[in-house]
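Colleague: Supplied structure: input_33.cif, mmCIF, C-alpha atoms and all ligand atoms.
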data_final
loop_
_atom_site.label_atom_id
_atom_site.label_comp_id
_atom_site.auth_asym_id
_atom_site.auth_seq_id
_atom_site.Cartn_x
_atom_site.Cartn_y
_atom_site.Cartn_z
CA MET E 1 2.27 1.80 15.60
CA MET E 2 -1.25 2.95 14.77
CA LEU E 3 -2.13 6.43 15.97
CA LYS E 4 -5.08 6.92 18.32
CA ASN E 5 -7.72 9.39 17.15
CA ARG E 6 -6.50 12.18 19.46
CA GLN E 7 -2.95 11.66 18.14
CA ASP E 8 -3.95 11.79 14.48
CA ALA E 9 -3.23 15.50 13.98
CA TYR E 10 -2.14 15.11 10.37
CA GLY E 11 -5.19 12.99 9.51
CA HIS E 12 -7.62 15.49 11.03
CA LEU E 13 -5.84 18.31 9.22
CA VAL E 14 -6.17 16.77 5.75
CA SER E 15 -9.65 15.42 6.47
CA ASP E 16 -10.93 18.87 7.55
CA TYR E 17 -9.16 20.48 4.63
CA LEU E 18 -10.90 18.10 2.23
CA LYS E 19 -14.32 18.94 3.78
CA LYS E 20 -13.94 22.64 4.64
CA GLY E 21 -10.97 23.90 2.62
CA ARG E 22 -9.14 25.24 5.66
CA GLY E 23 -6.79 24.18 8.47
CA GLN E 24 -3.38 25.05 9.86
CA GLU E 25 -0.64 22.52 10.64
CA ILE E 26 1.70 23.42 13.49
CA VAL E 27 5.01 21.66 14.03
CA GLU E 28 6.29 21.89 17.60
CA ARG E 29 9.97 21.21 18.24
CA GLU E 30 11.27 20.03 21.60
CA ASP E 31 13.08 23.34 22.23
CA GLY E 32 9.68 25.08 22.20
CA LEU E 33 9.81 26.36 18.62
CA LEU E 34 6.33 26.48 17.07
CA ASP E 35 6.42 26.43 13.30
CA PRO E 36 3.16 27.08 11.45
CA SER E 37 3.49 25.39 8.08
CA ARG E 38 3.83 28.02 5.33
CA THR E 39 2.44 25.85 2.58
CA GLY E 40 -0.48 24.48 4.62
CA PRO E 41 -2.55 21.40 3.91
CA ALA E 42 -3.35 22.63 0.39
CA CYS E 43 0.00 21.24 -0.79
CA TYR E 44 -0.88 17.77 0.59
CA LEU E 45 -3.88 17.63 -1.75
CA ALA E 46 -2.33 19.54 -4.63
CA GLU E 47 -2.64 18.52 -8.26
CA PHE E 48 0.55 17.74 -10.21
CA ARG E 49 0.60 21.14 -11.94
CA SER E 50 0.95 22.89 -8.54
CA TRP E 51 3.79 20.72 -7.24
CA ALA E 52 7.30 22.12 -6.89
CA ALA E 53 9.42 21.73 -10.04
CA HIS E 54 11.85 19.25 -8.44
CA GLU E 55 8.93 17.01 -7.42
CA ARG E 56 7.52 17.05 -10.95
CA LYS E 57 10.97 16.27 -12.38
CA ALA E 58 11.38 13.29 -10.03
CA MET E 59 8.28 11.62 -11.52
CA ARG E 60 10.42 10.73 -14.58
CA PHE E 61 12.27 8.17 -12.48
CA VAL E 62 9.18 6.26 -11.35
CA LYS E 63 8.76 2.84 -12.92
CA GLY E 64 6.91 -0.43 -12.34
CA ARG E 65 5.12 -1.26 -9.11
CA VAL E 66 5.16 1.66 -6.67
CA LEU E 67 4.98 1.93 -2.87
CA ASP E 68 4.23 5.44 -1.57
CA ILE E 69 5.59 5.53 1.99
CA GLY E 70 3.78 8.05 4.20
CA CYS E 71 1.40 8.80 1.34
CA GLY E 72 -0.55 11.44 3.31
CA ALA E 73 -3.67 12.57 1.46
CA GLY E 74 -2.46 10.60 -1.57
CA ARG E 75 -1.51 13.34 -4.04
CA VAL E 76 1.48 11.44 -5.49
CA ALA E 77 -0.11 7.98 -5.40
CA LEU E 78 -3.28 9.31 -7.06
CA TYR E 79 -1.26 11.07 -9.76
CA LEU E 80 0.54 7.80 -10.56
CA GLN E 81 -2.62 5.66 -10.32
CA LYS E 82 -4.25 7.93 -12.92
CA ARG E 83 -1.27 7.30 -15.18
CA GLY E 84 -1.76 3.55 -14.99
CA PHE E 85 0.87 2.65 -12.39
CA ASP E 86 0.21 -0.18 -9.96
CA VAL E 87 0.57 1.89 -6.79
CA SER E 88 0.10 1.08 -3.10
CA GLY E 89 0.11 3.64 -0.32
CA ILE E 90 0.91 3.23 3.35
CA ASP E 91 0.59 5.74 6.16
CA SER E 92 0.53 5.58 9.95
CA SER E 93 -2.44 7.97 10.05
CA PRO E 94 -5.82 6.17 9.91
CA LEU E 95 -7.64 9.35 8.87
CA ALA E 96 -5.13 10.15 6.11
CA VAL E 97 -5.71 6.63 4.77
CA LYS E 98 -9.48 7.27 4.87
CA VAL E 99 -8.92 10.53 2.95
CA CYS E 100 -6.90 8.63 0.32
CA LYS E 101 -9.75 6.12 -0.06
CA LEU E 102 -12.34 8.92 -0.36
CA ARG E 103 -10.18 10.48 -3.06
CA GLY E 104 -10.10 7.23 -5.01
CA LEU E 105 -6.81 5.56 -4.13
CA LYS E 106 -7.44 1.83 -4.59
CA ASP E 107 -4.69 0.22 -2.54
CA VAL E 108 -3.88 2.07 0.67
CA ARG E 109 -3.52 0.87 4.23
CA VAL E 110 -2.56 1.96 7.73
CA LEU E 111 1.01 0.81 8.22
CA SER E 112 4.15 2.36 9.64
CA ILE E 113 7.38 2.51 7.62
CA SER E 114 8.92 0.18 10.22
CA GLU E 115 6.26 -2.47 9.47
CA ILE E 116 6.97 -2.71 5.73
CA GLY E 117 7.73 -6.32 4.88
CA VAL E 118 7.66 -8.91 2.13
CA LYS E 119 3.94 -9.56 2.73
CA LEU E 120 3.30 -6.40 0.68
CA GLY E 121 5.14 -7.95 -2.26
CA ARG E 122 8.06 -6.43 -4.17
CA PHE E 123 8.29 -2.92 -5.54
CA ASP E 124 10.22 -1.21 -8.34
CA THR E 125 9.83 2.29 -6.87
CA LEU E 126 9.63 3.36 -3.24
CA LEU E 127 8.49 6.96 -2.79
CA MET E 128 9.21 9.21 0.18
CA PHE E 129 7.80 12.57 -0.89
CA GLY E 130 7.01 15.63 1.21
CA ASN E 131 10.34 15.44 3.07
CA ASN E 132 9.62 11.83 4.00
CA PHE E 133 13.30 10.87 4.11
CA GLY E 134 12.68 12.38 7.55
CA LEU E 135 10.68 9.29 8.55
CA PHE E 136 14.00 7.43 8.82
CA GLY E 137 14.37 9.32 12.12
CA SER E 138 18.05 8.92 12.88
CA PHE E 139 21.33 7.77 11.32
CA ARG E 140 21.05 4.25 12.79
CA ARG E 141 17.35 3.82 12.10
CA ALA E 142 17.80 5.05 8.53
CA ARG E 143 20.41 2.38 7.84
CA TRP E 144 18.24 -0.31 9.48
CA LEU E 145 15.20 0.74 7.44
CA LEU E 146 17.19 0.99 4.18
CA ARG E 147 18.24 -2.63 4.66
CA ARG E 148 14.62 -3.62 5.32
CA LEU E 149 13.45 -1.73 2.22
CA TYR E 150 16.10 -3.66 0.26
CA GLN E 151 14.11 -6.85 1.02
CA VAL E 152 10.93 -5.53 -0.63
CA ALA E 153 12.74 -3.92 -3.58
CA SER E 154 13.04 -5.53 -7.01
CA ASP E 155 16.53 -5.99 -8.48
CA ASP E 156 16.78 -2.58 -10.13
CA ALA E 157 14.46 -0.71 -7.77
CA ARG E 158 14.73 2.93 -6.79
CA ILE E 159 13.89 4.92 -3.70
CA ILE E 160 12.89 8.47 -4.59
CA ALA E 161 13.11 10.50 -1.40
CA GLU E 162 12.92 14.16 -0.47
CA SER E 163 14.96 15.80 2.27
CA THR E 164 15.87 19.31 3.38
CA ASP E 165 19.45 20.43 3.99
CA PRO E 166 19.37 21.63 7.61
CA TYR E 167 22.53 23.71 7.17
CA LYS E 168 20.90 26.04 4.65
CA THR E 169 19.71 28.39 7.37
CA ARG E 170 21.05 31.43 9.18
CA ASP E 171 18.34 31.39 11.83
CA PRO E 172 20.19 31.50 15.19
CA ILE E 173 17.44 29.40 16.82
CA HIS E 174 17.97 26.57 14.32
CA LEU E 175 21.77 26.88 14.51
CA ALA E 176 21.69 26.72 18.33
CA TYR E 177 19.40 23.66 18.21
CA GLN E 178 21.72 21.93 15.75
CA LYS E 179 24.66 22.59 18.08
CA VAL E 180 22.79 21.06 21.02
CA ASN E 181 21.98 18.05 18.83
CA ARG E 182 25.65 17.52 17.94
CA SER E 183 26.69 17.88 21.56
CA ARG E 184 24.39 15.00 22.54
CA GLY E 185 25.56 12.77 19.70
CA ARG E 186 22.62 13.32 17.38
CA MET E 187 22.81 14.47 13.78
CA SER E 188 22.41 18.26 13.42
CA GLY E 189 19.11 17.84 11.60
CA GLN E 190 17.66 15.10 13.80
CA VAL E 191 14.74 17.15 15.03
CA ARG E 192 12.45 15.95 17.80
CA ILE E 193 8.98 17.20 16.94
CA ARG E 194 5.28 16.61 17.21
CA VAL E 195 2.61 17.69 14.77
CA ARG E 196 -0.34 19.64 16.16
CA TYR E 197 -3.69 20.58 14.70
CA ARG E 198 -6.42 22.07 16.88
CA THR E 199 -6.39 19.84 20.01
CA TYR E 200 -4.87 16.86 18.20
CA MET E 201 -1.20 16.10 18.63
CA THR E 202 1.03 13.26 17.53
CA PRO E 203 3.45 11.68 20.02
CA TRP E 204 6.96 13.15 19.91
CA PHE E 205 9.09 11.61 17.17
CA ASP E 206 12.50 12.07 15.57
CA TYR E 207 12.50 13.47 12.07
CA LEU E 208 15.74 13.50 10.11
CA LEU E 209 16.86 16.36 7.88
CA VAL E 210 20.17 15.72 6.12
CA SER E 211 22.61 17.39 3.77
CA LYS E 212 23.52 15.57 0.56
CA ARG E 213 26.85 14.53 2.09
CA GLU E 214 25.15 13.13 5.17
CA MET E 215 22.69 11.26 2.97
CA ARG E 216 25.60 9.65 1.11
CA SER E 217 27.14 8.43 4.35
CA ILE E 218 23.79 7.05 5.58
CA VAL E 219 23.21 5.15 2.33
CA ALA E 220 26.77 3.75 2.04
CA GLY E 221 26.92 0.01 2.69
CA THR E 222 23.16 -0.52 2.92
CA GLY E 223 22.83 -2.01 -0.57
CA TRP E 224 21.70 1.29 -2.08
CA CYS E 225 23.58 4.10 -3.86
CA ILE E 226 22.63 7.62 -4.81
CA GLU E 227 22.06 7.77 -8.56
CA ARG E 228 20.98 11.38 -8.91
CA LEU E 229 20.14 14.46 -6.87
CA ILE E 230 17.43 16.86 -7.99
CA ASP E 231 17.74 20.36 -6.56
CA SER E 232 15.00 22.82 -5.80
CA ALA E 233 15.19 26.58 -5.49
CA GLY E 234 15.38 26.18 -1.69
CA PRO E 235 17.00 23.78 0.80
CA GLN E 236 14.83 20.84 -0.30
CA TYR E 237 16.16 18.27 -2.73
CA ILE E 238 15.17 14.85 -3.99
CA ALA E 239 17.51 11.87 -4.10
CA VAL E 240 17.04 9.07 -6.60
CA VAL E 241 18.57 6.07 -4.84
CA ARG E 242 19.28 2.88 -6.77
CA LYS E 243 19.50 -0.68 -5.52
CA LYS E 244 22.98 -2.10 -5.95
CA LEU E 245 23.18 -5.70 -6.92
CA GLU E 246 26.15 -6.69 -4.82
CA THR E 247 26.81 -9.47 -2.42
CA GLY E 248 28.42 -9.10 0.94
CA PHE E 249 27.55 -5.46 1.58
CA PHE E 250 26.23 -6.15 5.04
C1 LIG E 301 4.64 15.58 5.39
S1 LIG E 301 3.41 14.37 5.12
C2 LIG E 301 3.80 13.91 3.43
C3 LIG E 301 2.64 13.31 2.72
C4 LIG E 301 2.87 12.92 1.26
N1 LIG E 301 3.99 12.03 1.08
C5 LIG E 301 3.01 14.12 0.38
O1 LIG E 301 4.12 14.34 -0.16
O2 LIG E 301 2.04 14.85 0.21
C6 LIG E 301 4.08 13.01 6.07
C7 LIG E 301 3.19 11.78 6.10
O3 LIG E 301 3.91 10.72 6.73
C8 LIG E 301 3.04 10.02 7.61
N2 LIG E 301 3.86 9.32 8.62
C9 LIG E 301 4.43 9.83 9.73
N3 LIG E 301 5.11 8.89 10.40
C10 LIG E 301 4.96 7.74 9.67
C11 LIG E 301 5.44 6.42 9.83
N4 LIG E 301 6.21 6.08 10.87
N5 LIG E 301 5.11 5.50 8.90
C12 LIG E 301 4.33 5.82 7.84
N6 LIG E 301 3.84 7.07 7.64
C13 LIG E 301 4.16 8.02 8.54
C14 LIG E 301 2.14 11.10 8.16
O4 LIG E 301 0.95 10.57 8.71
C15 LIG E 301 1.91 11.95 6.92
O5 LIG E 301 0.83 11.47 6.19
#
Show how you would write the structure in this file as structure tokens.

Modeller:
Amino acid sequence: MMLKNRQDAYGHLVSDYLKKGRGQEIVEREDGLLDPSRTGPACYLAEFRSWAAHERKAMRFVKGRVLDIGCGAGRVALYLQKRGFDVSGIDSSPLAVKVCKLRGLKDVRVLSISEIGVKLGRFDTLLMFGNNFGLFGSFRRARWLLRRLYQVASDDARIIAESTDPYKTRDPIHLAYQKVNRSRGRMSGQVRIRVRYRTYMTPWFDYLLVSKREMRSIVAGTGWCIERLIDSAGPQYIAVVRKKLETGFF
């Protein structure tokens, strides 16, 4: 679903940051928690040398034709394009897509993860950087989307996706929220949030943070398997997920 201008908080954030060099992203959670992003929009436009070590390491696993899912301001897609990869970006934010174009990304379009289909062609690498495993939203939706991504993936394709382990916290507010989530049948890290910037705000959406064990159980039986996990110094990690060439896994 394409965002309306007043809903395009992320797009306005990166667009203003590109023009004025400032801006503050706020993530609002349904329990009222307001979380000003510590890294800020600078990290969405950062050059490779400023990326976190685990993100830089993950670039070794990129091969062939690349789809950057939720490409944001295009930092990863642009890095790969400069290195000669055939890379396409998609994002649900019209303004983020405009920012990518202004920054020189050749193939980028407004499209939601749920709209990815064979019309885009087939890809050897599917990227979900900047915690974008979260775009899977929930356990069920993640498994549905993984099966859809299987259709656009080449035979030995990889998904390279970042997540954050929600259990690596001692904050009582997060722990209480996780408990409420479990009590209503949601995953602990299935956070209902909206992104705000100035007067812009996205609709509420589910964003999924998972432990490595939870990721394994989500991926099992979808035609994908976890090939490698790349740790960071904090709760974030990147999973390199490989397509399994099996029949009858559905
Ligand atoms: C945290 S940013 C990450 C951007 C980029 N991958 C990076 O690492 O710098 C998340 C991005 O996902 C996009 N997004 C959110 N929901 C989406 C959806 N359903 N389909 C595609 N993109 C989406 C947002 O507009 C935003 O650009």

Colleague: Give the residue list for ligand LIG 301 (chain E) at 7 Å, counting all atoms listed in the file, as a PyMOL selection string, sorted by chain and then by residue number.

Modeller: chain E and resi 10-11+43-45+69-76+90-93+96+111-114+128-132+135

Colleague: Give me the residues near range 136-146 of chain E as a PyMOL selection string, where near means some atom within 6 Å (using all atoms listed in the file) and where sequence neighbours in that chain fewer than 5 positions away do not count.

Modeller: chain E and resi 206-208

Colleague: Given the point (-5.0, 22.2, 8.9) in the file's coordinates, find the residues that have an atom at most 7 Å from it, counting all atoms listed in the file, and give them as a ChimeraX atom specification.

Modeller: /E:13-14,16-17,22-25,40-41,197

Colleague: Pick out the residues sitting within 8 Å of Arg65 in chain E, and hand them over as number ranges by chain; count all atoms listed in the file, and ignore anything fewer than 6 positions along from it in its own chain.

Modeller: E: 85-87, 122-125

Colleague: Counting all atoms listed in the file, which of E:Gln81, E:Thr169, E:Gln151, E:Ser183 gets nearest to Gly104 in chain E?

Modeller: E:Gln81

Colleague: Report the distance between CA of Pro94 in chain E and CA of Val110 in chain E in Å, rounded to one decimal place.

Modeller: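 It comes out at 5.8 Å.
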
Colleague: To one decimal place, how far is CA of Arg29 in chain E from CA of Gln190 in chain E in Å?

Modeller: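 Separation of CA of Arg29 in chain E and CA of Gln190 in chain E: 10.8 Å.
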
Colleague: Which residue out of E:Pro36, E:Gly189, E:Gly223, E:Gly21 has the minimum interatomic distance to Ile159 in chain E when only C-alpha atoms are used?

Modeller: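 Result for the nearest residue to Ile159 in chain E: E:Gly223.
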
Colleague: What separation in Å, quoted to one decimal, exists between CA of Leu105 in chain E and CA of Glu227 in chain E?

Modeller: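 Those two atoms sit 29.3 Å apart.
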
Colleague: Using all atoms listed in the file, which of E:Ser15, E:Phe133, E:Leu120, E:Arg170 sits nearest Arg103 in chain E?

Modeller: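 Nearest to Arg103 in chain E: E:Ser15.
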
Colleague: Here's a test: counting all atoms listed in the file, identify every protein, DNA and RNA residue with an atom at most 12 Å from (-4.0, 7.0, 19.5) in the file's coordinate frame, and state them as a list in words.

Modeller: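 I get Met1, Met2, Leu3, Lys4, Asn5, Arg6, Gln7, Asp8, Ala9, Gly11, Ser92, Ser93, Pro94, Leu95, Tyr200, Met201, Thr202 and Pro203 of chain E for the residues within 12 Å of that point.
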
Colleague: With all atoms listed in the file as the basis for distance, which of E:Ala77, E:Ile116, E:Val210, E:Ile238 is at the shortest distance from Val97 in chain E?

Modeller: E:Ala77

Colleague: Padding of 3 Å on every side, edges along x, y and z, all listed atoms of range 81-91 of chain E included: what centre and edge lengths in Å, to one decimal, does that box have, as lines of an AutoDock Vina configuration file?

Modeller:
center_x = -1.7
center_y = 3.9
center_z = -4.5
size_x = 11.2
size_y = 14.1
size_z = 27.3

Colleague: Of the residues E:Ala157, E:Leu245, E:Leu102, E:Leu34, which is the one nearest to Leu127 in chain E, using all atoms listed in the file?

Modeller: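 When distances to Leu127 in chain E are compared using all atoms listed in the file, the smallest one comes from E:Ala157.
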
Colleague: Considering all atoms listed in the file, state which residue in the set E:Arg38, E:Lys101, E:Lys82, E:Lys212 is at the smallest distance from Lys168 in chain E.

Modeller: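 Closest residue, counting all atoms listed in the file: E:Lys212.
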
Colleague: Can you pull out every residue within 8 Å of Ser211 in chain E, counting only C-alpha atoms, but drop anything in the same chain fewer than 5 positions away, and send it as a VMD selection string?

Modeller: chain E and resid 163 to 167
